[in-house]
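A short worksheet on the structure shown next.
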Amino acid sequence: MRLKDGYTLMHEHMSIDLTEGDLGSDSFDILCSDLKQAYDYGVRNIIDMTNQSMGRDPEYVAKLMEETGINVVMSTGYYLDKFIGPYVKDYTVDQLAEKSIKDLTEGIDDSGIKAGVIGEIAWCHEGPTDMELKAWEAMCIAAAHTGAVVSTHPSRGIQQLPQAEYLLERGISPKKIVIGHIEFFPDDNTLKKLLDTGVYIGVDMVGKLGGKGDEYRADTVAKLKEWGRLSQVVLSLDLCRKQDLKSCGGYGYAHFFESFIPMLEKRGITSDDIELMLSKNPRMIFD
C-alpha cells in the first residue's frame, strides 16, 4: 500500500456509527468541505480507522476520495468488546482471519476496494476481554499473512505496552505497528520502554476536548524530540463527530495546521520535524 506524496493523517474516521452524532452517510457535504481544507494544507492521505464493527462504508469513502482528491486507506479489524459481538462471537479465529485477509487482498465485500491497514483494533482499559483477544489472535494471523500495518486503540490506562508486546510476540514487525492514543500513557519510563520496542506511536487526538488537551500534546511531541524519538511518531486528530467539523462550528482538520502546528513551533519543532511526522514516517510504515 503506497501513499500519495504529501501529508498523512494516521488516525481518522470517514464514517462511524458508534454513538449519536457520529459522522455518517448523511455527512457527505460537510465532511467534504473540511477534507478540502485539509487538502489545501497539504494532506493527501487519511488512514480511516473505521473497521467492520464501527460502520465501515467503502462506497461512501470512494465518493469522498473522488470529490476531494484525498487518498483514504480503509481498515479491517474489530473494535471494543461491546461493539464486536455480532461480528466475532459466531466465527472461529481462522474464519475471522480469512475475512480480513480477503479485505486486504481482494477487497471489502463486493466493493473492489481493498483495506490497507488492520485497525483500530482495541482493548478495554482494564485489559482485553476474551472476545477482544479472539479478534486480536485472528488479526495477528491476517497481519502475518499479508504484512499489513496494525494500528491499535489502547483505551485509557496502561495498555499500550502490553498491546505492543502481544503483537511482537506473534511475529509482527515493530515497523508495522502503530500504538495509538499515546496521551494516556502513565509515565515516561513506560513510554520509553514502548519506544525501545521499535514501534510507532500516535499523538492522534489533536483538537479533542476530552483527554489532556493540545498544550499537553504539544509538550509530549517536544519531549519526544528531546529524546530523539520523532522518527517513531505519527500525528492525527481522530475526528469522528459532526459537531467537530469546522463546517459545523467545530475545530476541523484545519485546527491541526492553524493552531496545533504553531504550538509545536513555539516548542522548537521545525518544519523538517513536521515533515518527518506527517509525511516521512507514514511512508516508512506503509512502504
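How things are named: the first chain in the C-alpha cells is A, the next is B, and so on; residues count from 1 in each chain; ligands count from 1 in the order shown.
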Note to self: Neighbouring residues of segment 267-284 of chain A were defined as those with any atom within 8 Å, considering only C-alpha atoms; residues of the same chain fewer than 3 positions away were excluded. Please report them as a PyMOL selection string.
What the structure shows: chain A and resi 2-3+5-10+218-219+222+225+230-235+263-264+287
Next, write the just-selected residues to a file, as a short mmCIF file (atom, residue, chain, number, x, y, z; two decimals), in the first residue's frame, keeping all heavy atoms as the atom set.
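Below you can see out_24.cif, which holds the result:
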```cif
data_model
loop_
_atom_site.label_atom_id
_atom_site.label_comp_id
_atom_site.auth_asym_id
_atom_site.auth_seq_id
_atom_site.Cartn_x
_atom_site.Cartn_y
_atom_site.Cartn_z
N ARG A 2 0.95 1.92 -1.13
CA ARG A 2 1.77 3.13 -1.24
C ARG A 2 0.88 4.36 -1.04
O ARG A 2 -0.25 4.43 -1.53
CB ARG A 2 2.47 3.19 -2.60
CG ARG A 2 3.49 2.07 -2.79
CD ARG A 2 4.35 2.33 -4.00
NE ARG A 2 5.18 3.51 -3.86
CZ ARG A 2 6.34 3.54 -3.23
NH1 ARG A 2 6.82 2.45 -2.67
NH2 ARG A 2 7.05 4.65 -3.15
N LEU A 3 1.45 5.33 -0.34
CA LEU A 3 0.74 6.58 -0.09
C LEU A 3 1.09 7.61 -1.15
O LEU A 3 2.14 7.56 -1.77
CB LEU A 3 1.13 7.12 1.29
CG LEU A 3 0.85 6.21 2.49
CD1 LEU A 3 1.33 6.88 3.77
CD2 LEU A 3 -0.62 5.85 2.59
N ASP A 5 2.30 11.32 -2.30
CA ASP A 5 3.21 12.31 -1.74
C ASP A 5 2.40 13.40 -1.04
O ASP A 5 1.39 13.89 -1.57
CB ASP A 5 4.07 12.94 -2.84
CG ASP A 5 5.08 11.95 -3.41
OD1 ASP A 5 5.39 10.96 -2.74
OD2 ASP A 5 5.55 12.20 -4.54
N GLY A 6 2.84 13.78 0.13
CA GLY A 6 2.12 14.79 0.91
C GLY A 6 1.93 14.32 2.34
O GLY A 6 2.47 13.30 2.76
N TYR A 7 1.14 15.07 3.09
CA TYR A 7 0.91 14.74 4.49
C TYR A 7 -0.09 13.60 4.64
O TYR A 7 -1.00 13.43 3.83
CB TYR A 7 0.37 15.95 5.24
CG TYR A 7 1.33 17.11 5.39
CD1 TYR A 7 0.86 18.42 5.52
CD2 TYR A 7 2.70 16.90 5.44
CE1 TYR A 7 1.74 19.48 5.68
CE2 TYR A 7 3.58 17.95 5.61
CZ TYR A 7 3.09 19.24 5.71
OH TYR A 7 3.96 20.29 5.87
N THR A 8 0.09 12.84 5.71
CA THR A 8 -0.82 11.74 6.05
C THR A 8 -1.31 11.90 7.48
O THR A 8 -0.51 12.01 8.41
CB THR A 8 -0.12 10.38 5.92
OG1 THR A 8 0.30 10.19 4.56
CG2 THR A 8 -1.07 9.25 6.31
N LEU A 9 -2.63 11.93 7.65
CA LEU A 9 -3.24 11.87 8.98
C LEU A 9 -3.51 10.41 9.28
O LEU A 9 -4.26 9.74 8.57
CB LEU A 9 -4.53 12.69 9.01
CG LEU A 9 -4.36 14.20 8.74
CD1 LEU A 9 -5.73 14.89 8.74
CD2 LEU A 9 -3.43 14.85 9.76
N MET A 10 -2.91 9.90 10.34
CA MET A 10 -2.80 8.46 10.54
C MET A 10 -3.95 7.83 11.33
O MET A 10 -4.01 6.60 11.44
CB MET A 10 -1.48 8.14 11.25
CG MET A 10 -0.27 8.21 10.36
SD MET A 10 -0.17 6.85 9.17
CE MET A 10 0.08 5.45 10.27
N ALA A 218 1.27 18.97 22.65
CA ALA A 218 2.43 19.65 22.09
C ALA A 218 3.66 19.44 22.98
O ALA A 218 4.78 19.24 22.49
CB ALA A 218 2.14 21.14 21.93
N ASP A 219 3.46 19.49 24.30
CA ASP A 219 4.58 19.21 25.23
C ASP A 219 5.11 17.80 25.01
O ASP A 219 6.33 17.57 25.09
CB ASP A 219 4.12 19.37 26.68
CG ASP A 219 3.90 20.82 27.08
OD1 ASP A 219 4.40 21.72 26.38
OD2 ASP A 219 3.21 21.04 28.10
N ALA A 222 7.31 17.72 21.97
CA ALA A 222 8.59 18.35 22.28
C ALA A 222 9.47 17.41 23.12
O ALA A 222 10.69 17.33 22.90
CB ALA A 222 8.36 19.67 23.02
N LYS A 225 10.95 14.81 20.98
CA LYS A 225 12.08 15.34 20.21
C LYS A 225 13.34 15.35 21.08
O LYS A 225 14.43 14.98 20.61
CB LYS A 225 11.79 16.74 19.68
CG LYS A 225 12.96 17.31 18.90
CD LYS A 225 12.65 18.63 18.24
CE LYS A 225 13.88 19.12 17.46
NZ LYS A 225 13.61 20.35 16.69
N LEU A 230 11.40 11.31 17.39
CA LEU A 230 10.38 11.75 16.43
C LEU A 230 10.26 10.84 15.22
O LEU A 230 9.22 10.83 14.56
CB LEU A 230 10.66 13.19 15.96
CG LEU A 230 10.47 14.30 17.00
CD1 LEU A 230 10.58 15.66 16.32
CD2 LEU A 230 9.14 14.17 17.74
N SER A 231 11.27 10.04 14.95
CA SER A 231 11.18 9.09 13.84
C SER A 231 10.20 7.96 14.12
O SER A 231 9.92 7.15 13.23
CB SER A 231 12.55 8.50 13.52
OG SER A 231 13.05 7.78 14.63
N GLN A 232 9.65 7.91 15.35
CA GLN A 232 8.65 6.91 15.70
C GLN A 232 7.27 7.52 15.94
O GLN A 232 6.36 6.82 16.41
CB GLN A 232 9.08 6.15 16.97
CG GLN A 232 10.28 5.25 16.77
CD GLN A 232 10.75 4.64 18.07
OE1 GLN A 232 11.74 5.09 18.64
NE2 GLN A 232 10.05 3.63 18.56
N VAL A 233 7.08 8.79 15.59
CA VAL A 233 5.84 9.50 15.93
C VAL A 233 5.02 9.78 14.69
O VAL A 233 5.55 10.23 13.67
CB VAL A 233 6.16 10.82 16.65
CG1 VAL A 233 4.87 11.58 16.98
CG2 VAL A 233 6.97 10.56 17.92
N VAL A 234 3.71 9.52 14.77
CA VAL A 234 2.77 9.94 13.75
C VAL A 234 1.69 10.78 14.41
O VAL A 234 1.49 10.71 15.63
CB VAL A 234 2.16 8.75 12.99
CG1 VAL A 234 3.23 8.02 12.19
CG2 VAL A 234 1.44 7.80 13.93
N LEU A 235 0.99 11.57 13.61
CA LEU A 235 0.08 12.57 14.14
C LEU A 235 -1.31 12.44 13.51
O LEU A 235 -1.45 11.99 12.37
CB LEU A 235 0.62 13.97 13.85
CG LEU A 235 2.02 14.28 14.41
CD1 LEU A 235 2.51 15.63 13.87
CD2 LEU A 235 2.01 14.30 15.93
N MET A 263 1.67 25.74 17.98
CA MET A 263 2.06 25.33 19.33
C MET A 263 3.37 24.54 19.29
O MET A 263 4.25 24.71 20.16
CB MET A 263 0.97 24.44 19.95
CG MET A 263 -0.29 25.13 20.35
SD MET A 263 -1.40 23.93 21.18
CE MET A 263 -2.89 24.92 21.29
N LEU A 264 3.49 23.65 18.32
CA LEU A 264 4.71 22.86 18.19
C LEU A 264 5.91 23.76 17.87
O LEU A 264 7.00 23.58 18.45
CB LEU A 264 4.54 21.82 17.09
CG LEU A 264 3.49 20.73 17.32
CD1 LEU A 264 3.46 19.78 16.13
CD2 LEU A 264 3.76 19.94 18.60
N ASP A 287 5.30 1.63 3.22
CA ASP A 287 6.10 1.16 2.08
C ASP A 287 6.55 -0.29 2.31
O ASP A 287 6.68 -0.74 3.43
CB ASP A 287 7.32 2.05 1.89
CG ASP A 287 6.96 3.33 1.16
OD1 ASP A 287 5.80 3.45 0.73
OD2 ASP A 287 7.83 4.21 1.06
#
```
Margin query: When you look at Arg56 of chain A with a cut-off of 7 Å (counting only C-alpha atoms), what residues show up, excluding the ones that are within fewer than 6 positions of it in the same chain? I need them as a ChimeraX atom specification.
Written below: /A:15-16,50
Keeping N, CA and C atoms for every residue in the selection just given, could you write it to a file as a PDB file, in the first residue's frame?
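The resulting again.pdb:
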```pdb
ATOM      1  N   SER A  15     -16.505   7.567   8.226  1.00  0.00           N
ATOM      2  CA  SER A  15     -17.875   7.265   8.641  1.00  0.00           C
ATOM      3  C   SER A  15     -17.776   6.369   9.866  1.00  0.00           C
ATOM      4  N   ILE A  16     -18.718   6.533  10.773  1.00  0.00           N
ATOM      5  CA  ILE A  16     -18.662   5.767  12.027  1.00  0.00           C
ATOM      6  C   ILE A  16     -20.047   5.834  12.660  1.00  0.00           C
ATOM      7  N   THR A  50     -12.026   3.271  10.711  1.00  0.00           N
ATOM      8  CA  THR A  50     -13.345   2.657  10.860  1.00  0.00           C
ATOM      9  C   THR A  50     -13.326   1.253  10.266  1.00  0.00           C
TER      10      THR A  50
END
```
Notebook entry, point to check: Could you pull the residues within 9 Å of Val178 of chain A, counting only C-alpha atoms, minus those fewer than 3 positions along the same chain, as a ChimeraX atom specification?
Noted result: /A:149-152,164,174-175,199-202,232-234,285
Put those residues in a file: C-alpha atoms, as an mmCIF file, in the first residue's frame.
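As written to disk, selection.cif reads:
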```
data_model
loop_
_atom_site.group_PDB
_atom_site.id
_atom_site.type_symbol
_atom_site.label_atom_id
_atom_site.label_comp_id
_atom_site.auth_asym_id
_atom_site.auth_seq_id
_atom_site.Cartn_x
_atom_site.Cartn_y
_atom_site.Cartn_z
ATOM 1 C CA VAL A 149 0.132 -2.420 9.171
ATOM 2 C CA VAL A 150 -1.592 -2.892 12.556
ATOM 3 C CA SER A 151 -2.958 0.168 14.377
ATOM 4 C CA THR A 152 -4.350 -0.051 17.904
ATOM 5 C CA ALA A 164 2.881 -3.854 21.572
ATOM 6 C CA PRO A 174 7.608 -3.269 15.055
ATOM 7 C CA LYS A 175 7.869 -1.200 11.876
ATOM 8 C CA VAL A 199 7.000 0.520 17.285
ATOM 9 C CA TYR A 200 5.429 3.764 16.137
ATOM 10 C CA ILE A 201 3.225 5.810 18.466
ATOM 11 C CA GLY A 202 0.322 8.119 17.668
ATOM 12 C CA GLN A 232 8.646 6.909 15.703
ATOM 13 C CA VAL A 233 5.839 9.498 15.933
ATOM 14 C CA VAL A 234 2.768 9.944 13.746
ATOM 15 C CA ILE A 285 5.170 2.468 7.733
#
```
Next item on the list: Would you mind writing down, as an MDAnalysis selection string, each residue of segment 111-257 of chain A that DSSP on the backbone assigns to helix (DSSP H, G or I)?
Entry: chainID A and resid 130:146 160:169 174:176 182:184 188:196 214:226 230:232 242:244 246:248 254:257
For the residues in the current selection, export C-alpha atoms as an mmCIF file, in the first residue's frame.
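This went into out19.cif:
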```
data_model
loop_
_atom_site.group_PDB
_atom_site.id
_atom_site.type_symbol
_atom_site.label_atom_id
_atom_site.label_comp_id
_atom_site.auth_asym_id
_atom_site.auth_seq_id
_atom_site.Cartn_x
_atom_site.Cartn_y
_atom_site.Cartn_z
ATOM 1 C CA ASP A 130 -11.971 -12.895 25.786
ATOM 2 C CA MET A 131 -13.797 -11.555 22.734
ATOM 3 C CA GLU A 132 -11.138 -8.917 22.123
ATOM 4 C CA LEU A 133 -8.335 -11.470 22.431
ATOM 5 C CA LYS A 134 -10.138 -13.720 19.951
ATOM 6 C CA ALA A 135 -10.244 -10.852 17.476
ATOM 7 C CA TRP A 136 -6.602 -9.936 18.131
ATOM 8 C CA GLU A 137 -5.468 -13.514 17.591
ATOM 9 C CA ALA A 138 -7.240 -13.507 14.233
ATOM 10 C CA MET A 139 -5.816 -10.130 13.241
ATOM 11 C CA CYS A 140 -2.289 -11.295 14.049
ATOM 12 C CA ILE A 141 -2.816 -14.203 11.657
ATOM 13 C CA ALA A 142 -4.048 -11.765 8.995
ATOM 14 C CA ALA A 143 -1.107 -9.430 9.591
ATOM 15 C CA ALA A 144 1.418 -12.257 9.392
ATOM 16 C CA HIS A 145 -0.165 -13.492 6.156
ATOM 17 C CA THR A 146 -0.351 -10.115 4.420
ATOM 18 C CA GLN A 160 -0.085 0.475 25.185
ATOM 19 C CA LEU A 161 2.998 -1.538 26.152
ATOM 20 C CA PRO A 162 1.082 -4.820 26.637
ATOM 21 C CA GLN A 163 -0.507 -4.341 23.208
ATOM 22 C CA ALA A 164 2.881 -3.854 21.572
ATOM 23 C CA GLU A 165 4.291 -6.884 23.384
ATOM 24 C CA TYR A 166 1.317 -9.025 22.322
ATOM 25 C CA LEU A 167 1.840 -8.150 18.649
ATOM 26 C CA LEU A 168 5.614 -8.508 18.749
ATOM 27 C CA GLU A 169 5.416 -11.896 20.451
ATOM 28 C CA PRO A 174 7.608 -3.269 15.055
ATOM 29 C CA LYS A 175 7.869 -1.200 11.876
ATOM 30 C CA LYS A 176 4.306 -2.269 11.026
ATOM 31 C CA ILE A 182 -0.401 7.919 23.446
ATOM 32 C CA GLU A 183 -1.521 10.853 25.611
ATOM 33 C CA PHE A 184 -2.991 8.441 28.134
ATOM 34 C CA ASP A 188 7.842 8.437 30.997
ATOM 35 C CA ASN A 189 9.717 5.247 31.913
ATOM 36 C CA THR A 190 6.972 3.034 30.488
ATOM 37 C CA LEU A 191 6.744 5.220 27.395
ATOM 38 C CA LYS A 192 10.479 4.807 26.859
ATOM 39 C CA LYS A 193 10.090 1.031 27.183
ATOM 40 C CA LEU A 194 7.420 1.148 24.491
ATOM 41 C CA LEU A 195 9.624 3.230 22.208
ATOM 42 C CA ASP A 196 12.509 0.829 22.790
ATOM 43 C CA ASP A 214 -3.424 20.306 22.989
ATOM 44 C CA GLU A 215 -0.877 22.016 25.229
ATOM 45 C CA TYR A 216 -0.095 18.643 26.790
ATOM 46 C CA ARG A 217 0.010 17.014 23.344
ATOM 47 C CA ALA A 218 2.435 19.653 22.093
ATOM 48 C CA ASP A 219 4.578 19.212 25.226
ATOM 49 C CA THR A 220 4.639 15.475 24.540
ATOM 50 C CA VAL A 221 5.893 15.985 20.987
ATOM 51 C CA ALA A 222 8.593 18.353 22.279
ATOM 52 C CA LYS A 223 9.620 15.756 24.893
ATOM 53 C CA LEU A 224 9.804 13.077 22.222
ATOM 54 C CA LYS A 225 12.085 15.337 20.212
ATOM 55 C CA GLU A 226 14.345 15.778 23.247
ATOM 56 C CA LEU A 230 10.381 11.754 16.434
ATOM 57 C CA SER A 231 11.178 9.093 13.838
ATOM 58 C CA GLN A 232 8.646 6.909 15.703
ATOM 59 C CA LYS A 242 -20.263 16.071 13.093
ATOM 60 C CA GLN A 243 -20.034 18.766 15.757
ATOM 61 C CA ASP A 244 -16.246 18.743 15.466
ATOM 62 C CA LYS A 246 -15.282 23.221 11.072
ATOM 63 C CA SER A 247 -18.235 23.464 8.721
ATOM 64 C CA CYS A 248 -20.428 22.689 11.764
ATOM 65 C CA ALA A 254 -7.746 22.958 9.751
ATOM 66 C CA HIS A 255 -7.193 23.238 13.513
ATOM 67 C CA PHE A 256 -4.173 20.987 13.181
ATOM 68 C CA PHE A 257 -2.434 23.416 10.847
#
```
Notebook entry, point to check: Using only C-alpha atoms, which residue out of A:Gly213, A:Gly250, A:Gly112, A:Gly228 lies closest to Glu59 of chain A?
Noted result: A:Gly112
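What separates atom CA of Gly55 of chain A from atom CA of Val206 of chain A is a distance of 22.6 Å.
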Next item on the list: Tell me which of A:Tyr253, A:Arg170, A:Val88, A:Ile158 sits closest to Asp40 of chain A, counting only C-alpha atoms.
Entry: A:Tyr253
Note to self: Which residue is closest to Tyr87 of chain A? Choose from A:Met54, A:Ala122, A:Ile46, A:Ile177 and count only C-alpha atoms.
What the structure shows: A:Met54
Checklist line | Interatomic distance (Å, one decimal) between atom CA of Thr92 of chain A and atom CA of Asp57 of chain A | finding: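 Here the two named atoms are 24.2 Å from each other.
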Next item on the list: Please provide the set of residues having any atom within 10 Å of Thr76 of chain A, restricted to only C-alpha atoms, with same-chain residues fewer than 6 positions apart removed, written as a VMD selection string.
Entry: chain A and resid 48 to 53 56 99 to 104 108 114 to 121 139 142 150
Let me see the file: selected residues, N, CA, C and O atoms, as a CSV table (one decimal), in the first residue's frame.
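Output file result-v5.csv is given in full below:
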```csv
chain,number,residue,atom,x,y,z
A,48,ASP,N,-8.2,5.7,7.5
A,48,ASP,CA,-9.5,5.6,8.1
A,48,ASP,C,-9.6,4.4,9.0
A,48,ASP,O,-9.6,3.3,8.6
A,49,MET,N,-9.7,4.7,10.3
A,49,MET,CA,-9.7,3.6,11.3
A,49,MET,C,-11.0,3.0,11.5
A,49,MET,O,-11.2,2.1,12.4
A,50,THR,N,-12.0,3.3,10.7
A,50,THR,CA,-13.3,2.7,10.9
A,50,THR,C,-13.3,1.3,10.3
A,50,THR,O,-13.2,1.1,9.1
A,51,ASN,N,-13.5,0.3,11.1
A,51,ASN,CA,-13.5,-1.1,10.6
A,51,ASN,C,-14.9,-1.7,10.6
A,51,ASN,O,-15.9,-0.9,10.7
A,52,GLN,N,-15.1,-3.0,10.3
A,52,GLN,CA,-16.4,-3.5,10.1
A,52,GLN,C,-17.3,-3.5,11.3
A,52,GLN,O,-18.5,-3.7,11.1
A,53,SER,N,-16.8,-3.3,12.5
A,53,SER,CA,-17.6,-3.2,13.7
A,53,SER,C,-17.9,-1.8,14.1
A,53,SER,O,-18.5,-1.5,15.2
A,56,ARG,N,-18.1,0.8,8.8
A,56,ARG,CA,-17.3,1.0,7.6
A,56,ARG,C,-18.2,1.0,6.4
A,56,ARG,O,-19.1,0.2,6.2
A,99,LYS,N,-11.6,-13.6,6.8
A,99,LYS,CA,-12.4,-12.4,6.3
A,99,LYS,C,-11.5,-11.2,6.2
A,99,LYS,O,-11.6,-10.4,5.2
A,100,SER,N,-10.6,-11.0,7.1
A,100,SER,CA,-9.7,-9.8,7.0
A,100,SER,C,-8.7,-9.9,5.9
A,100,SER,O,-8.3,-9.0,5.2
A,101,ILE,N,-8.2,-11.1,5.7
A,101,ILE,CA,-7.2,-11.4,4.6
A,101,ILE,C,-7.9,-11.0,3.3
A,101,ILE,O,-7.3,-10.4,2.4
A,102,LYS,N,-9.1,-11.4,3.1
A,102,LYS,CA,-9.9,-11.1,1.9
A,102,LYS,C,-10.0,-9.6,1.8
A,102,LYS,O,-9.8,-9.0,0.7
A,103,ASP,N,-10.4,-8.9,2.9
A,103,ASP,CA,-10.5,-7.4,2.8
A,103,ASP,C,-9.2,-6.8,2.3
A,103,ASP,O,-9.2,-5.8,1.5
A,104,LEU,N,-8.1,-7.4,2.7
A,104,LEU,CA,-6.7,-6.8,2.4
A,104,LEU,C,-6.2,-7.2,1.0
A,104,LEU,O,-5.5,-6.4,0.4
A,108,ILE,N,-13.1,-5.3,0.1
A,108,ILE,CA,-14.1,-5.3,1.1
A,108,ILE,C,-15.5,-5.6,0.5
A,108,ILE,O,-16.0,-4.9,-0.4
A,114,LYS,N,-9.8,-2.4,-1.6
A,114,LYS,CA,-9.0,-3.2,-0.6
A,114,LYS,C,-8.8,-2.4,0.7
A,114,LYS,O,-8.5,-1.2,0.6
A,115,ALA,N,-8.9,-3.0,1.8
A,115,ALA,CA,-8.4,-2.4,3.0
A,115,ALA,C,-6.8,-2.4,3.0
A,115,ALA,O,-6.2,-3.2,2.3
A,116,GLY,N,-6.3,-1.4,3.7
A,116,GLY,CA,-4.8,-1.2,3.6
A,116,GLY,C,-4.2,-1.3,5.0
A,116,GLY,O,-3.0,-1.1,5.1
A,117,VAL,N,-5.0,-1.5,6.0
A,117,VAL,CA,-4.5,-1.5,7.4
A,117,VAL,C,-5.4,-2.3,8.3
A,117,VAL,O,-6.6,-2.4,8.0
A,118,ILE,N,-4.9,-2.9,9.3
A,118,ILE,CA,-5.7,-3.6,10.3
A,118,ILE,C,-5.8,-2.6,11.5
A,118,ILE,O,-4.8,-2.3,12.1
A,119,GLY,N,-7.0,-2.2,11.7
A,119,GLY,CA,-7.2,-1.2,12.8
A,119,GLY,C,-8.6,-0.8,12.9
A,119,GLY,O,-9.5,-1.2,12.1
A,120,GLU,N,-9.0,0.1,13.9
A,120,GLU,CA,-8.3,0.2,15.1
A,120,GLU,C,-8.7,-0.9,16.0
A,120,GLU,O,-9.8,-0.9,16.5
A,121,ILE,N,-7.8,-1.9,16.1
A,121,ILE,CA,-8.1,-3.0,17.0
A,121,ILE,C,-7.9,-2.6,18.4
A,121,ILE,O,-7.0,-1.8,18.7
A,139,MET,N,-6.5,-11.2,14.0
A,139,MET,CA,-5.8,-10.1,13.2
A,139,MET,C,-4.3,-10.3,13.2
A,139,MET,O,-3.7,-9.9,12.2
A,142,ALA,N,-3.9,-12.5,10.2
A,142,ALA,CA,-4.0,-11.8,9.0
A,142,ALA,C,-2.8,-10.9,8.7
A,142,ALA,O,-2.4,-10.8,7.6
A,150,VAL,N,-0.6,-2.7,11.5
A,150,VAL,CA,-1.6,-2.9,12.6
A,150,VAL,C,-1.6,-1.6,13.4
A,150,VAL,O,-0.6,-1.2,13.9
```
Item checked: Length of the atom CA of Lys208 of chain A to atom CA of Gly252 of chain A vector [Å] ->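 Computing the Euclidean distance for atom CA of Lys208 of chain A and atom CA of Gly252 of chain A yields 10.1 Å.
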Note to self: If you run DSSP on the backbone here, which positions in segment 36-273 of chain A get strand (DSSP E or B)? Please write them as a PyMOL selection string.
What the structure shows: chain A and resi 43-48+71-76+115-122+149-153+177-179+200-203+233-235+241
Those same residues - N, CA and C atoms - I'd like them written as a short mmCIF file (atom, residue, chain, number, x, y, z; two decimals), in the first residue's frame.
```cif
data_model
loop_
_atom_site.label_atom_id
_atom_site.label_comp_id
_atom_site.auth_asym_id
_atom_site.auth_seq_id
_atom_site.Cartn_x
_atom_site.Cartn_y
_atom_site.Cartn_z
N VAL A 43 -2.63 17.80 3.00
CA VAL A 43 -3.00 16.42 3.33
C VAL A 43 -3.37 15.69 2.04
N ARG A 44 -2.73 14.56 1.81
CA ARG A 44 -3.02 13.76 0.61
C ARG A 44 -3.47 12.35 0.97
N ASN A 45 -3.29 11.94 2.23
CA ASN A 45 -3.69 10.61 2.67
C ASN A 45 -4.35 10.68 4.04
N ILE A 46 -5.41 9.91 4.20
CA ILE A 46 -6.04 9.75 5.51
C ILE A 46 -6.20 8.26 5.76
N ILE A 47 -5.74 7.82 6.92
CA ILE A 47 -5.91 6.43 7.32
C ILE A 47 -7.22 6.35 8.11
N ASP A 48 -8.20 5.70 7.51
CA ASP A 48 -9.55 5.62 8.06
C ASP A 48 -9.62 4.42 9.00
N ASN A 71 -6.50 10.52 -0.81
CA ASN A 71 -6.44 9.06 -0.77
C ASN A 71 -6.81 8.58 0.63
N VAL A 72 -7.84 7.74 0.73
CA VAL A 72 -8.26 7.21 2.02
C VAL A 72 -7.92 5.72 2.08
N VAL A 73 -7.15 5.34 3.08
CA VAL A 73 -6.79 3.95 3.31
C VAL A 73 -7.77 3.37 4.32
N MET A 74 -8.52 2.35 3.91
CA MET A 74 -9.55 1.78 4.77
C MET A 74 -9.00 0.66 5.64
N SER A 75 -9.78 0.29 6.67
CA SER A 75 -9.33 -0.66 7.69
C SER A 75 -10.14 -1.95 7.67
N THR A 76 -9.52 -2.97 8.21
CA THR A 76 -10.20 -4.19 8.59
C THR A 76 -9.84 -4.50 10.02
N ALA A 115 -8.86 -3.02 1.80
CA ALA A 115 -8.36 -2.42 3.04
C ALA A 115 -6.84 -2.36 2.96
N GLY A 116 -6.26 -1.36 3.65
CA GLY A 116 -4.81 -1.21 3.64
C GLY A 116 -4.18 -1.25 5.00
N VAL A 117 -5.00 -1.47 6.04
CA VAL A 117 -4.48 -1.47 7.41
C VAL A 117 -5.41 -2.30 8.28
N ILE A 118 -4.87 -2.93 9.30
CA ILE A 118 -5.66 -3.61 10.33
C ILE A 118 -5.80 -2.65 11.50
N GLY A 119 -7.02 -2.17 11.74
CA GLY A 119 -7.19 -1.17 12.78
C GLY A 119 -8.65 -0.76 12.93
N GLU A 120 -9.02 0.10 13.85
CA GLU A 120 -8.25 0.24 15.05
C GLU A 120 -8.68 -0.88 15.99
N ILE A 121 -7.82 -1.86 16.11
CA ILE A 121 -8.15 -2.99 16.98
C ILE A 121 -7.93 -2.55 18.43
N ALA A 122 -8.80 -3.02 19.32
CA ALA A 122 -8.93 -2.36 20.62
C ALA A 122 -8.92 -3.34 21.78
N VAL A 149 -0.06 -3.27 8.00
CA VAL A 149 0.13 -2.42 9.17
C VAL A 149 -0.97 -2.72 10.19
N VAL A 150 -0.63 -2.70 11.47
CA VAL A 150 -1.59 -2.89 12.56
C VAL A 150 -1.61 -1.63 13.41
N SER A 151 -2.80 -1.06 13.60
CA SER A 151 -2.96 0.17 14.38
C SER A 151 -3.94 -0.09 15.51
N THR A 152 -3.59 0.34 16.72
CA THR A 152 -4.35 -0.05 17.90
C THR A 152 -5.04 1.11 18.61
N HIS A 153 -6.07 0.72 19.37
CA HIS A 153 -6.77 1.60 20.30
C HIS A 153 -6.60 1.01 21.69
N ILE A 177 3.69 -1.61 13.29
CA ILE A 177 2.79 -1.44 14.43
C ILE A 177 2.69 0.04 14.79
N VAL A 178 1.47 0.53 14.94
CA VAL A 178 1.21 1.89 15.43
C VAL A 178 0.35 1.76 16.68
N ILE A 179 0.90 2.16 17.82
CA ILE A 179 0.15 2.15 19.08
C ILE A 179 -0.46 3.54 19.26
N TYR A 200 5.83 2.37 16.29
CA TYR A 200 5.43 3.76 16.14
C TYR A 200 4.35 4.09 17.17
N ILE A 201 4.25 5.37 17.53
CA ILE A 201 3.22 5.81 18.47
C ILE A 201 2.46 6.98 17.86
N GLY A 202 1.17 7.08 18.23
CA GLY A 202 0.32 8.12 17.67
C GLY A 202 -0.04 9.20 18.66
N VAL A 203 0.40 10.43 18.38
CA VAL A 203 -0.16 11.61 19.05
C VAL A 203 -1.33 12.01 18.15
N VAL A 233 7.08 8.79 15.59
CA VAL A 233 5.84 9.50 15.93
C VAL A 233 5.02 9.78 14.69
N VAL A 234 3.71 9.52 14.77
CA VAL A 234 2.77 9.94 13.75
C VAL A 234 1.69 10.78 14.41
N LEU A 235 0.99 11.57 13.61
CA LEU A 235 0.08 12.57 14.14
C LEU A 235 -1.31 12.44 13.51
N ARG A 241 -16.93 13.12 14.87
CA ARG A 241 -18.28 13.60 15.16
C ARG A 241 -18.60 14.85 14.34
#
```
